[in-house]
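Student: See coords_35.cif below, with mmCIF, C-alpha atoms.
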```
data_upload
loop_
_atom_site.label_atom_id
_atom_site.label_comp_id
_atom_site.auth_asym_id
_atom_site.auth_seq_id
_atom_site.Cartn_x
_atom_site.Cartn_y
_atom_site.Cartn_z
CA MET E 1 2.94 8.63 11.51
CA ILE E 2 2.94 8.71 7.72
CA LEU E 3 0.07 9.53 5.37
CA PHE E 4 0.91 7.77 2.10
CA PRO E 5 -0.78 9.15 -1.03
CA ALA E 6 -1.59 6.29 -3.40
CA ILE E 7 -1.09 5.97 -7.13
CA ASP E 8 -2.81 2.90 -8.57
CA LEU E 9 -1.74 2.19 -12.14
CA LYS E 10 -3.99 0.59 -14.76
CA ASP E 11 -3.03 0.65 -18.43
CA GLY E 12 -0.45 3.35 -17.75
CA VAL E 13 -2.73 5.87 -16.03
CA CYS E 14 -3.69 6.73 -12.43
CA VAL E 15 -6.98 5.18 -11.37
CA ARG E 16 -8.94 4.21 -8.29
CA LEU E 17 -10.95 1.01 -8.07
CA LYS E 18 -13.94 0.17 -5.90
CA LYS E 19 -13.40 -2.97 -3.80
CA GLY E 20 -10.65 -4.06 -6.16
CA GLU E 21 -12.89 -4.49 -9.20
CA MET E 22 -10.87 -3.78 -12.35
CA ASP E 23 -13.99 -3.00 -14.38
CA ASP E 24 -15.00 -0.30 -11.87
CA ALA E 25 -12.10 2.09 -12.33
CA THR E 26 -12.11 5.88 -12.28
CA VAL E 27 -9.26 7.61 -14.15
CA TYR E 28 -7.85 10.54 -12.19
CA ASN E 29 -4.69 11.43 -14.08
CA THR E 30 -3.23 10.23 -17.37
CA ASP E 31 0.29 11.33 -16.34
CA PRO E 32 1.54 9.28 -13.34
CA GLY E 33 4.80 11.21 -13.14
CA ALA E 34 2.97 14.51 -12.89
CA GLN E 35 0.65 13.10 -10.24
CA ALA E 36 3.61 11.90 -8.18
CA ALA E 37 5.30 15.29 -8.48
CA ALA E 38 2.07 16.99 -7.39
CA PHE E 39 1.87 14.84 -4.28
CA GLU E 40 5.46 15.68 -3.40
CA ALA E 41 4.79 19.39 -3.90
CA MET E 42 1.85 19.12 -1.50
CA GLY E 43 4.30 18.05 1.23
CA PHE E 44 3.85 14.29 1.33
CA SER E 45 6.99 12.39 2.32
CA TYR E 46 6.38 8.83 1.05
CA LEU E 47 4.50 7.51 -1.99
CA HIS E 48 2.56 4.25 -2.31
CA VAL E 49 2.28 2.82 -5.85
CA VAL E 50 0.44 -0.30 -7.05
CA ASP E 51 0.64 -1.88 -10.50
CA LEU E 52 -2.93 -3.18 -10.77
CA ASN E 53 -2.40 -4.93 -14.10
CA GLY E 54 0.68 -6.56 -12.63
CA ALA E 55 -1.27 -7.87 -9.65
CA PHE E 56 -3.55 -9.81 -12.00
CA ALA E 57 -0.89 -10.80 -14.54
CA GLY E 58 1.68 -11.95 -12.01
CA SER E 59 4.43 -9.70 -13.38
CA SER E 60 5.01 -5.97 -13.69
CA GLN E 61 2.91 -4.39 -16.45
CA ASN E 62 3.25 -0.66 -15.81
CA GLY E 63 7.01 -0.35 -15.73
CA ALA E 64 7.14 2.76 -17.91
CA ALA E 65 4.69 4.56 -15.63
CA VAL E 66 6.70 3.61 -12.53
CA ASP E 67 9.88 4.80 -14.22
CA ALA E 68 8.16 8.11 -14.95
CA ILE E 69 7.20 8.43 -11.28
CA LEU E 70 10.75 7.73 -10.11
CA SER E 71 12.10 10.34 -12.51
CA ARG E 72 9.85 13.07 -11.10
CA VAL E 73 10.19 12.70 -7.31
CA THR E 74 12.88 12.57 -4.65
CA MET E 75 10.65 11.15 -1.91
CA PRO E 76 10.83 7.38 -1.32
CA VAL E 77 8.40 5.16 -3.24
CA GLN E 78 7.06 1.77 -2.20
CA LEU E 79 5.75 -0.43 -5.02
CA GLY E 80 3.52 -3.49 -5.18
CA GLY E 81 1.66 -5.48 -7.80
CA GLY E 82 2.94 -8.54 -9.66
CA ILE E 83 6.35 -8.67 -7.97
CA ARG E 84 6.79 -12.37 -7.30
CA ASP E 85 10.42 -13.43 -7.71
CA HIS E 86 13.91 -12.36 -6.68
CA ALA E 87 14.77 -11.01 -10.13
CA ALA E 88 11.83 -8.58 -10.05
CA ILE E 89 12.59 -7.54 -6.48
CA ASP E 90 16.24 -6.87 -7.28
CA ALA E 91 15.38 -5.00 -10.48
CA TRP E 92 12.99 -2.58 -8.78
CA LEU E 93 15.29 -1.93 -5.84
CA ASP E 94 18.15 -1.28 -8.27
CA LYS E 95 15.95 1.23 -10.11
CA GLY E 96 15.44 3.22 -6.93
CA ILE E 97 12.25 1.83 -5.40
CA ALA E 98 12.68 2.21 -1.63
CA ARG E 99 10.48 -0.72 -0.59
CA VAL E 100 8.91 -3.58 -2.53
CA ILE E 101 5.48 -4.85 -1.49
CA LEU E 102 4.92 -8.61 -1.76
CA GLY E 103 1.33 -9.84 -1.51
CA THR E 104 0.32 -13.00 -3.38
CA VAL E 105 3.80 -14.50 -3.08
CA ALA E 106 3.65 -14.02 0.71
CA VAL E 107 0.87 -16.62 0.72
CA ARG E 108 2.17 -18.83 -2.09
CA ASP E 109 5.86 -18.82 -1.17
CA PRO E 110 6.57 -17.28 2.24
CA GLU E 111 10.14 -18.57 2.18
CA LEU E 112 10.85 -16.41 -0.86
CA VAL E 113 9.66 -13.37 1.10
CA LYS E 114 11.84 -14.27 4.08
CA GLU E 115 14.86 -14.78 1.84
CA ALA E 116 14.20 -11.44 0.15
CA ALA E 117 14.04 -9.77 3.56
CA ARG E 118 17.37 -11.34 4.50
CA ARG E 119 18.92 -10.09 1.27
CA HIS E 120 17.33 -6.66 1.52
CA PRO E 121 16.76 -5.86 5.21
CA TYR E 122 13.78 -3.56 5.81
CA LYS E 123 13.15 -3.03 2.11
CA ILE E 124 10.47 -5.71 1.87
CA VAL E 125 6.85 -4.98 2.82
CA VAL E 126 4.21 -7.70 3.12
CA GLY E 127 0.87 -6.76 1.59
CA ILE E 128 -2.06 -8.43 3.33
CA ASP E 129 -5.39 -7.87 1.62
CA ALA E 130 -8.39 -9.33 3.39
CA ARG E 131 -12.12 -9.91 3.13
CA ASP E 132 -13.76 -10.62 6.48
CA GLY E 133 -10.33 -11.21 7.96
CA ARG E 134 -9.28 -13.79 5.35
CA VAL E 135 -6.44 -13.20 2.92
CA ALA E 136 -7.17 -12.52 -0.76
CA VAL E 137 -4.60 -13.10 -3.52
CA GLU E 138 -4.11 -12.72 -7.30
CA GLY E 139 -5.19 -9.10 -7.41
CA TRP E 140 -7.97 -9.86 -4.88
CA ALA E 141 -9.57 -12.29 -7.34
CA GLU E 142 -9.27 -15.22 -4.92
CA THR E 143 -9.94 -15.43 -1.18
CA SER E 144 -7.98 -18.03 0.77
CA ASP E 145 -8.77 -19.76 4.07
CA MET E 146 -5.80 -18.08 5.78
CA LEU E 147 -6.48 -15.49 8.46
CA ALA E 148 -4.70 -12.17 8.05
CA ILE E 149 -3.27 -12.29 11.57
CA ASP E 150 -1.83 -15.78 10.99
CA LEU E 151 -0.12 -14.62 7.80
CA ALA E 152 1.33 -11.58 9.57
CA LYS E 153 2.69 -13.71 12.40
CA ALA E 154 4.49 -15.91 9.88
CA PHE E 155 6.85 -13.02 9.16
CA GLU E 156 7.74 -12.07 12.72
CA ASP E 157 11.52 -11.64 13.05
CA ALA E 158 11.98 -12.04 9.27
CA GLY E 159 13.21 -8.48 8.89
CA VAL E 160 10.33 -7.14 6.83
CA ALA E 161 9.90 -3.38 6.98
CA ALA E 162 6.12 -3.22 7.37
CA ILE E 163 2.76 -4.80 6.63
CA VAL E 164 0.21 -3.01 4.46
CA TYR E 165 -3.19 -4.23 5.66
CA THR E 166 -6.05 -3.57 3.25
CA ASP E 167 -9.71 -4.19 4.03
CA ILE E 168 -10.92 -4.93 0.50
CA ASP E 169 -14.59 -4.25 1.20
CA ARG E 170 -13.70 -0.70 2.22
CA ASP E 171 -11.22 0.04 -0.53
CA GLY E 172 -12.26 2.94 -2.72
CA VAL E 173 -15.71 3.36 -1.16
CA LEU E 174 -14.88 6.09 1.39
CA THR E 175 -16.47 4.38 4.38
CA GLY E 176 -13.51 4.88 6.70
CA ILE E 177 -10.56 2.69 7.67
CA ASN E 178 -11.34 -0.55 9.51
CA TRP E 179 -9.50 0.69 12.57
CA ASP E 180 -10.53 -2.19 14.86
CA ALA E 181 -9.09 -4.88 12.58
CA THR E 182 -6.01 -2.84 11.68
CA ILE E 183 -5.11 -2.00 15.27
CA ALA E 184 -5.77 -5.60 16.33
CA LEU E 185 -3.27 -6.72 13.69
CA GLY E 186 -0.79 -4.11 14.88
CA ARG E 187 -1.07 -5.43 18.42
CA ALA E 188 -0.64 -9.04 17.29
CA VAL E 189 2.77 -8.51 15.68
CA SER E 190 5.87 -6.41 16.26
CA ILE E 191 6.04 -5.47 12.57
CA PRO E 192 4.84 -1.91 11.79
CA VAL E 193 1.39 -1.94 10.16
CA ILE E 194 0.06 0.49 7.55
CA ALA E 195 -3.71 0.92 7.31
CA SER E 196 -5.27 0.81 3.85
CA GLY E 197 -8.77 0.81 2.39
CA GLY E 198 -11.52 3.34 2.95
CA LEU E 199 -9.76 6.42 4.34
CA ALA E 200 -12.50 8.95 3.78
CA SER E 201 -11.99 12.27 5.54
CA LEU E 202 -10.01 14.31 8.02
CA ASP E 203 -11.80 12.36 10.74
CA ASP E 204 -9.77 9.32 9.68
CA VAL E 205 -6.60 11.41 9.80
CA ARG E 206 -7.50 12.55 13.32
CA ARG E 207 -8.13 8.90 14.20
CA MET E 208 -4.57 8.12 13.11
CA VAL E 209 -3.17 10.18 15.98
CA LYS E 210 -5.25 8.65 18.75
CA PRO E 211 -3.11 6.85 21.36
CA ASP E 212 -4.23 3.34 20.39
CA ALA E 213 -3.20 3.95 16.77
CA ALA E 214 0.32 5.00 17.73
CA ILE E 215 1.53 1.44 17.07
CA LEU E 216 0.82 1.90 13.36
CA GLU E 217 3.30 3.28 10.83
CA GLY E 218 0.60 5.21 9.02
CA ALA E 219 -2.25 4.98 6.54
CA ILE E 220 -2.75 5.11 2.78
CA SER E 221 -5.12 7.54 1.10
CA GLY E 222 -6.34 7.36 -2.47
CA ARG E 223 -9.80 8.40 -3.64
CA ALA E 224 -10.33 10.90 -0.80
CA LEU E 225 -7.26 12.85 -1.94
CA TYR E 226 -8.22 12.76 -5.60
CA ASP E 227 -11.82 13.78 -4.88
CA GLY E 228 -10.79 16.64 -2.60
CA ARG E 229 -12.41 15.14 0.50
CA ILE E 230 -9.07 15.50 2.27
CA GLU E 231 -7.18 18.79 2.10
CA PRO E 232 -3.50 17.74 2.07
CA ALA E 233 -2.13 20.72 4.01
CA GLU E 234 -4.69 20.27 6.78
CA ALA E 235 -4.11 16.51 6.96
CA LEU E 236 -0.34 16.93 7.21
CA LYS E 237 -0.78 19.69 9.81
CA ILE E 238 -2.80 17.28 12.00
CA LEU E 239 -0.06 14.66 11.80
CA GLU E 240 2.74 17.12 12.42
CA ALA E 241 0.97 18.57 15.46
CA ALA E 242 0.64 15.11 16.94
#
```
Can the structure in the file be given as structure tokens, please?
Tutor:
Amino acid sequence: MILFPAIDLKDGVCVRLKKGEMDDATVYNTDPGAQAAAFEAMGFSYLHVVDLNGAFAGSSQNGAAVDAILSRVTMPVQLGGGIRDHAAIDAWLDKGIARVILGTVAVRDPELVKEAARRHPYKIVVGIDARDGRVAVEGWAETSDMLAIDLAKAFEDAGVAAIVYTDIDRDGVLTGINWDATIALGRAVSIPVIASGGLASLDDVRRMVKPDAAILEGAISGRALYDGRIEPAEALKILEAA
């Protein structure tokens, strides 16, 4: 079970949004490389990075910040946000990104995602962001009619490494992970699922190690780590003990 610290990049700095609203951003660190190194020093083993500008623009916009992160850590990094073609996927994997997260393109062009997974087995992650169970795209600016579970099932046996499932209405507001929806998704597919959106306290970390959550790969934490609501050593101790 992995606890992924999150670095969300906007205009080259580390921020957290509330419910995906770009105009409601809190800056936590102006040096993404230093923030990544700090997370590694705390004992975290895998880093989750999102290029927020890229998610809206449709192409990577914070490349220099991601490069700075890669230069400062040895732990694997998974990256999402604006990665929507094979050239971008190949470029980031060649740079040392461990796993590429594909969100909007998973809805718009699922065959591209499947082909990428064939070319790069278990290095492709599908990002499913949902409001009321329905998939949102284009940096969460649009909500489709597609159900999150139906989208996840479309990638069964495609060779994707994981699914990051984000409940948008809980993202950045510290109300707790939507465990019911996340575990239901995990039960519906054989692909490992990562919980995202709303992780608020050590209670959520303890919830991660309950038997019914064992099917998940882990959970992502952002604002709660930056605000000090979660003490990293204690969180990692809970996971290690389990």
Student: Select, from E:Pro5, E:Gly127, E:Pro211, E:Gly58, the residue with the minimum atom-to-atom distance to Tyr226 (chain E), counting all atoms listed in the file.
Tutor: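 Of the candidates, the smallest distance to Tyr226 (chain E) is held by E:Pro5.
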Student: Around all of region 14-23 of chain E's listed atoms, make the axis-aligned box with 6 Å on each side and tell me centre and edge lengths in Å to one decimal, as lines of an AutoDock Vina configuration file.
Tutor:
```
center_x = -8.8
center_y = 1.1
center_z = -9.1
size_x = 22.3
size_y = 23.2
size_z = 22.6
```
Student: Carefully work through the PyMOL selection byres ((chain E and resi 49) around 6) for this structure and note down the residues it includes, as number ranges by chain.
Tutor: E: 6-8, 48, 50, 79
Student: Based on the selection just made, write C-alpha atoms of those residues as a PDB file, keeping the file's coordinate frame.
Tutor:
```pdb
ATOM      1  CA  ALA E   6      -1.590   6.290  -3.400  1.00  0.00           C
ATOM      2  CA  ILE E   7      -1.090   5.970  -7.130  1.00  0.00           C
ATOM      3  CA  ASP E   8      -2.810   2.900  -8.570  1.00  0.00           C
ATOM      4  CA  HIS E  48       2.560   4.250  -2.310  1.00  0.00           C
ATOM      5  CA  VAL E  50       0.440  -0.300  -7.050  1.00  0.00           C
ATOM      6  CA  LEU E  79       5.750  -0.430  -5.020  1.00  0.00           C
TER       7      LEU E  79
END
```
Student: Please measure the separation of CA of Pro232 (chain E) and CA of Met75 (chain E), giving the value in Å to one decimal.
Tutor: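 Between CA of Pro232 (chain E) and CA of Met75 (chain E) the gap works out to 16.1 Å.
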Student: If I take CA of Met146 (chain E) and CA of Thr104 (chain E), how far is one from the other in Å, to one decimal?
Tutor: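 Between these atoms lies a distance of 12.1 Å.
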Student: Which residue out of E:Ala34, E:Leu199, E:Val15, E:Ala184 has the minimum interatomic distance to Arg72 (chain E) when all atoms listed in the file are used?
Tutor: E:Ala34
Student: Check what the PyMOL selection byres ((chain E and resi 176) around 12) selects in the file above and give those residues as a VMD selection string.
Tutor: chain E and resid 166 to 175 177 to 180 182 195 to 208 219 to 224
Student: Kindly indicate which residue among E:Ala87, E:Val66, E:Ile215, E:Leu17 lies nearest to Ala116 (chain E), using only C-alpha atoms for the distances.
Tutor: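 Smallest separation from Ala116 (chain E) among the options: E:Ala87.
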Student: Any chance you could resolve the PyMOL selection byres ((chain E and resi 54) around 12) against this file and give the residues as an NGL selection string?
Tutor: :E and (8-12 or 22 or 49-53 or 55-63 or 66 or 79-84 or 88 or 102-104 or 138-139)
Student: Those residues you just picked out, can you put them in a file as a short mmCIF file (atom, residue, chain, number, x, y, z; two decimals), keeping the file's coordinate frame with C-alpha atoms?
Tutor:
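Okay, out-v7.cif is ready:
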```
data_model
loop_
_atom_site.label_atom_id
_atom_site.label_comp_id
_atom_site.auth_asym_id
_atom_site.auth_seq_id
_atom_site.Cartn_x
_atom_site.Cartn_y
_atom_site.Cartn_z
CA ASP E 8 -2.81 2.90 -8.57
CA LEU E 9 -1.74 2.19 -12.14
CA LYS E 10 -3.99 0.59 -14.76
CA ASP E 11 -3.03 0.65 -18.43
CA GLY E 12 -0.45 3.35 -17.75
CA MET E 22 -10.87 -3.78 -12.35
CA VAL E 49 2.28 2.82 -5.85
CA VAL E 50 0.44 -0.30 -7.05
CA ASP E 51 0.64 -1.88 -10.50
CA LEU E 52 -2.93 -3.18 -10.77
CA ASN E 53 -2.40 -4.93 -14.10
CA ALA E 55 -1.27 -7.87 -9.65
CA PHE E 56 -3.55 -9.81 -12.00
CA ALA E 57 -0.89 -10.80 -14.54
CA GLY E 58 1.68 -11.95 -12.01
CA SER E 59 4.43 -9.70 -13.38
CA SER E 60 5.01 -5.97 -13.69
CA GLN E 61 2.91 -4.39 -16.45
CA ASN E 62 3.25 -0.66 -15.81
CA GLY E 63 7.01 -0.35 -15.73
CA VAL E 66 6.70 3.61 -12.53
CA LEU E 79 5.75 -0.43 -5.02
CA GLY E 80 3.52 -3.49 -5.18
CA GLY E 81 1.66 -5.48 -7.80
CA GLY E 82 2.94 -8.54 -9.66
CA ILE E 83 6.35 -8.67 -7.97
CA ARG E 84 6.79 -12.37 -7.30
CA ALA E 88 11.83 -8.58 -10.05
CA LEU E 102 4.92 -8.61 -1.76
CA GLY E 103 1.33 -9.84 -1.51
CA THR E 104 0.32 -13.00 -3.38
CA GLU E 138 -4.11 -12.72 -7.30
CA GLY E 139 -5.19 -9.10 -7.41
#
```
Student: Might you pull out every residue within 9 Å of Met42 (chain E), with only C-alpha atoms counted and same-chain residues fewer than 4 positions away left off, and present them as a PyMOL selection string?
Tutor: chain E and resi 37-38+232-233
Student: Can you tell me which residues surround Val100 (chain E) at a distance of at most 8 Å, considering all atoms listed in the file, apart from same-chain residues fewer than 4 positions away, and format the answer as a CSV table (one decimal) with C-alpha atoms, keeping the file's coordinate frame?
Tutor:
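Wrote it out as selection.csv, contents follow:
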```csv
chain,number,residue,atom,x,y,z
E,78,GLN,CA,7.1,1.8,-2.2
E,79,LEU,CA,5.8,-0.4,-5.0
E,80,GLY,CA,3.5,-3.5,-5.2
E,83,ILE,CA,6.4,-8.7,-8.0
E,89,ILE,CA,12.6,-7.5,-6.5
E,92,TRP,CA,13.0,-2.6,-8.8
E,93,LEU,CA,15.3,-1.9,-5.8
E,123,LYS,CA,13.2,-3.0,2.1
E,124,ILE,CA,10.5,-5.7,1.9
E,125,VAL,CA,6.8,-5.0,2.8
```
Student: Within 10 Å of Leu70 (chain E), counting only C-alpha atoms, which residues show up once you throw out same-chain ones fewer than 6 positions away? Write them as number ranges by chain, please.
Tutor: E: 32-33, 36-37, 64, 76-77, 95-97
Student: Mind giving me the straight-line distance from CA of Glu156 (chain E) to CA of Ile128 (chain E) in Å, one decimal?
Tutor: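 That distance, rounded to one decimal, is 14.1 Å.
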Student: Excluding Pro121 (chain E) and any residue of its chain fewer than 2 positions from it, enumerate the residues within 12 Å of it, using all atoms listed in the file, and give them as a PyMOL selection string.
Tutor: chain E and resi 93+98-100+113-119+123-125+157-162
Student: For each of E:Ile101, E:Phe44, E:Met1, E:Ala241, take the minimum atom-to-atom distance to Gly218 (chain E), counting only C-alpha atoms, then give the residue where this is smallest.
Tutor: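 Closest candidate: E:Met1.
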Student: Find the spatial neighbours of Ala148 (chain E), counting only C-alpha atoms, within a cut-off of 10 Å - ignore same-chain residues fewer than 3 positions away - and output them as a list in words.
Tutor: Ile128, Asp129, Ala130, Arg131, Asp132, Gly133, Arg134, Val135, Ala136, Ser144, Asp145, Leu151, Ala152, Lys153, Tyr165, Thr166, Ala181 and Leu185 of chain E
Student: When you count all atoms listed in the file, which of these residues is closest to Val137 (chain E): E:Phe39, E:Ala106, E:Ile2, E:Glu231?
Tutor: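 That would be E:Ala106, the residue with the smallest distance to Val137 (chain E).
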